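Enquirer: The structure follows.
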Amino acid sequence: MGLIYMSILSSKQIKRIRESYRASFGLPVEEISVEGECPELDDPISNLASLTGARAHALDEAIRWGEPYIFFLLPNVMSWVIPIVRETEALGGIWGGAVLLGGAPSELLESINHLSTCGSSRRDAEQWCSALPVWQDRSRPQKASEFLFALTCCELDWDMMLLSENRRKALCQRQIAEEIHRRKNQSRRPSPIDDEQTLLSLMKAGDQKGARRELNKTLGAIYSYTADTRLIKAHVIEMMGYLVRRAVEDSPRMGPLIERNHEWMTAIIEAEDFEDLSSVLAEALDDFMRNVYVFGQGSRNEAVSKALDYLCENFREPVTLEMLANQAGLSTYRLSHLLKRETGMTMLQHLHRLRVKEAQRLLEEGRQSCTEIAYETGFCDQSYFIKVFRKKMGITPARYRRLYHSRIEPRP
């Protein structure tokens, strides 16, 4: 089984990972199969059934949460694994070594005794445990696992859709759980509606990540009031209605959001459970946020609003200044002047911003190649897409995807 996994990472890839990781943390790196086996190791300890089983369980958890998983391989011996998936297929993982925490003689003896009861000879157990690095800093394993995860993601050239989706769900669940706990410990428990103005402000600012974080807080607030899915849906529908109403009040050009809201309401009502509901709501708010931000940019001028309205709906298609001018009923010169005066950006800058933001969303989802994303977002070819994306984000689309998956925030 391990031999199948060995063909996944090339010898050059694993060599680069090993050299960088060892230089930073002084630990070895080994590939593991989905069963937790280490194909390259033939020592009498590493592939004992108990250790193999512990790594296999850790790998399952790492895939489930979409991130590195830290665990106790033995009493007082900490280890971590990095999941490797391609799209939705689990291929195996990377084992980041093992360290002895603390290093007191009694702790070392406990680890040796445990190995002895798992089928190892006393001599082999003593040699293996005595060779383990001793780490006093209990926060260091987290740093090492995240560093190894980043290295691994940057070496891969395929999509890890499963990890991305699992991490998104896990983050949502954690933020909701934290908010529920926080609100239950408050002496005064504010209504969920108290947070919705903040959510709307983040959307208008185009802060997608901040809005998602605030959304999860709001869902946590709603869930802290009731566990009844029907009541949760009612609260969510009320929240969406509030957001649409406030957006339309702020700008009459946002009127089309009312019709879109009807579609979102239908999807919310049909959601089967709380997890499905959270996913539907996130998708609805992504669409909502894109429209709120674009419409809000041109709310001070009717002609500019019409042009940006058209651009928001058609940015994936070939769009020219002449087309926008026709929509606004102005000459190209006049529209170009008004766009710059009212929004601070040219038509091309608006177009690129919309396309890059949509490309970011698609890259984070991990379902399509960079070439497919380039054409779906309206770029004429992949090279031009890469050029524009790099100019706006400071990195290439492929690297943005890998850094996003490894939980390193890209610089805008």
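Residue numbers start at 1 in each chain; chains themselves are named A, B, ... in the order of the structure tokens; ligands are numbered from 1 in the order shown.
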Quick one: everything within 6 Å of segment 312-319 of chain A, counting only C-alpha atoms, minus sequence neighbours fewer than 4 positions away in the same chain. Send it as a PyMOL selection string.
Expert: chain A and resi 308+377-378
Enquirer: Can those selected residues be exported to a file as a PDB file, in the first residue's frame so that it contains C-alpha atoms?
Expert:
```
ATOM      1  CA  LEU A 308     -21.290  49.772 -12.412  1.00  0.00           C
ATOM      2  CA  THR A 377     -13.620  35.269 -14.890  1.00  0.00           C
ATOM      3  CA  GLY A 378     -13.339  36.977 -18.272  1.00  0.00           C
TER       4      GLY A 378
END
```
Enquirer: Quick one: residues within 8 Å of Ser120 of chain A, only C-alpha atoms counted, chain neighbours fewer than 3 positions away excluded, as a list in words?
Expert: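 Here the qualifying residues turn out to be Pro44, Ile45, Leu48, Leu115, Ser116, Thr117, Asp124 and Ala125 of chain A.
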Enquirer: Can you spit out the residues from that selection as a PDB file, in the first residue's frame, using C-alpha atoms?
Expert:
```pdb
ATOM      1  CA  PRO A  44      11.915  -2.154  14.455  1.00  0.00           C
ATOM      2  CA  ILE A  45       9.812   0.640  15.998  1.00  0.00           C
ATOM      3  CA  LEU A  48       4.693  -1.159  14.973  1.00  0.00           C
ATOM      4  CA  LEU A 115       6.621   0.620  23.591  1.00  0.00           C
ATOM      5  CA  SER A 116       7.642  -2.562  25.346  1.00  0.00           C
ATOM      6  CA  THR A 117       3.992  -3.490  25.907  1.00  0.00           C
ATOM      7  CA  ASP A 124      14.912  -1.283  20.794  1.00  0.00           C
ATOM      8  CA  ALA A 125      12.445   0.784  22.813  1.00  0.00           C
TER       9      ALA A 125
END
```
Enquirer: Show me a table, sorted first by chain and then by increasing residue number, of the residues of segment 11-51 of chain A having an atom at most 6 Å from segment 94-106 of chain A, each with its shortest atom pair and the distance in Å to one decimal, counting only C-alpha atoms and written as a tab-separated table.
Expert:
```
residue	atom	partner	partner_atom	distance
A:Leu27	CA	A:Gly97	CA	6.0
A:Pro28	CA	A:Gly97	CA	5.7
A:Val29	CA	A:Gly96	CA	5.1
A:Glu30	CA	A:Trp95	CA	5.1
A:Glu31	CA	A:Ile94	CA	4.6
A:Ile32	CA	A:Ile94	CA	5.8
```
Enquirer: Quick one: write out the picked residues with C-alpha atoms as an mmCIF file, in the first residue's frame?
Expert:
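What ended up in selection_2.cif:
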```
data_model
loop_
_atom_site.group_PDB
_atom_site.id
_atom_site.type_symbol
_atom_site.label_atom_id
_atom_site.label_comp_id
_atom_site.auth_asym_id
_atom_site.auth_seq_id
_atom_site.Cartn_x
_atom_site.Cartn_y
_atom_site.Cartn_z
ATOM 1 C CA LEU A 27 13.441 16.774 12.474
ATOM 2 C CA PRO A 28 13.099 14.138 9.746
ATOM 3 C CA VAL A 29 10.185 13.927 7.303
ATOM 4 C CA GLU A 30 8.610 10.671 6.178
ATOM 5 C CA GLU A 31 5.824 9.889 3.759
ATOM 6 C CA ILE A 32 2.992 7.759 5.152
#
```
Enquirer: For Gly26 of chain A, which of A:Leu335, A:Val244, A:Ile232, A:Ala144 is the closest residue, counting only C-alpha atoms?
Expert: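 Checking each candidate against Gly26 of chain A, we get A:Ala144 as the closest.
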Enquirer: For segment 270-280 of chain A, work out the shell of residues within 7 Å, counting only C-alpha atoms and skipping chain neighbours fewer than 4 positions away, then give it as a list in words.
Expert: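 Counting only the stated atoms, we get Thr229, Thr266 and Ala284 of chain A.
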Enquirer: Excluding segment 395-397 of chain A and any residue of its chain fewer than 5 positions from it, enumerate the residues within 8 Å of it, using only C-alpha atoms, and give them as a ChimeraX atom specification.
Expert: /A:360,363,370,386-387,389-390,410
Enquirer: DSSP on the backbone: which residues in segment 41-152 of chain A end up as strand (DSSP E)? Give the answer as a count of residues only.
Expert: 31
Enquirer: Record the distance separating atom CA of Thr343 of chain A and atom CA of Val304 of chain A, expressed in Å with one decimal.
Expert: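 Taking atom CA of Thr343 of chain A as the start and atom CA of Val304 of chain A as the end point, the length is 8.9 Å.
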Enquirer: Atom CA of Ala58 of chain A and atom CA of Ser121 of chain A, how far apart in Å?
Expert: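 Computed distance, atom CA of Ser121 of chain A to atom CA of Ala58 of chain A, equals 25.2 Å.
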Enquirer: Identify, on the basis of only C-alpha atoms, every residue whose closest approach to segment 261-264 of chain A does not exceed 9 Å; exclude the query and any residue fewer than 3 positions from it along the same chain; express the result as a PyMOL selection string.
Expert: chain A and resi 237+240-241+244+256-258+267-269+280-281+284+288
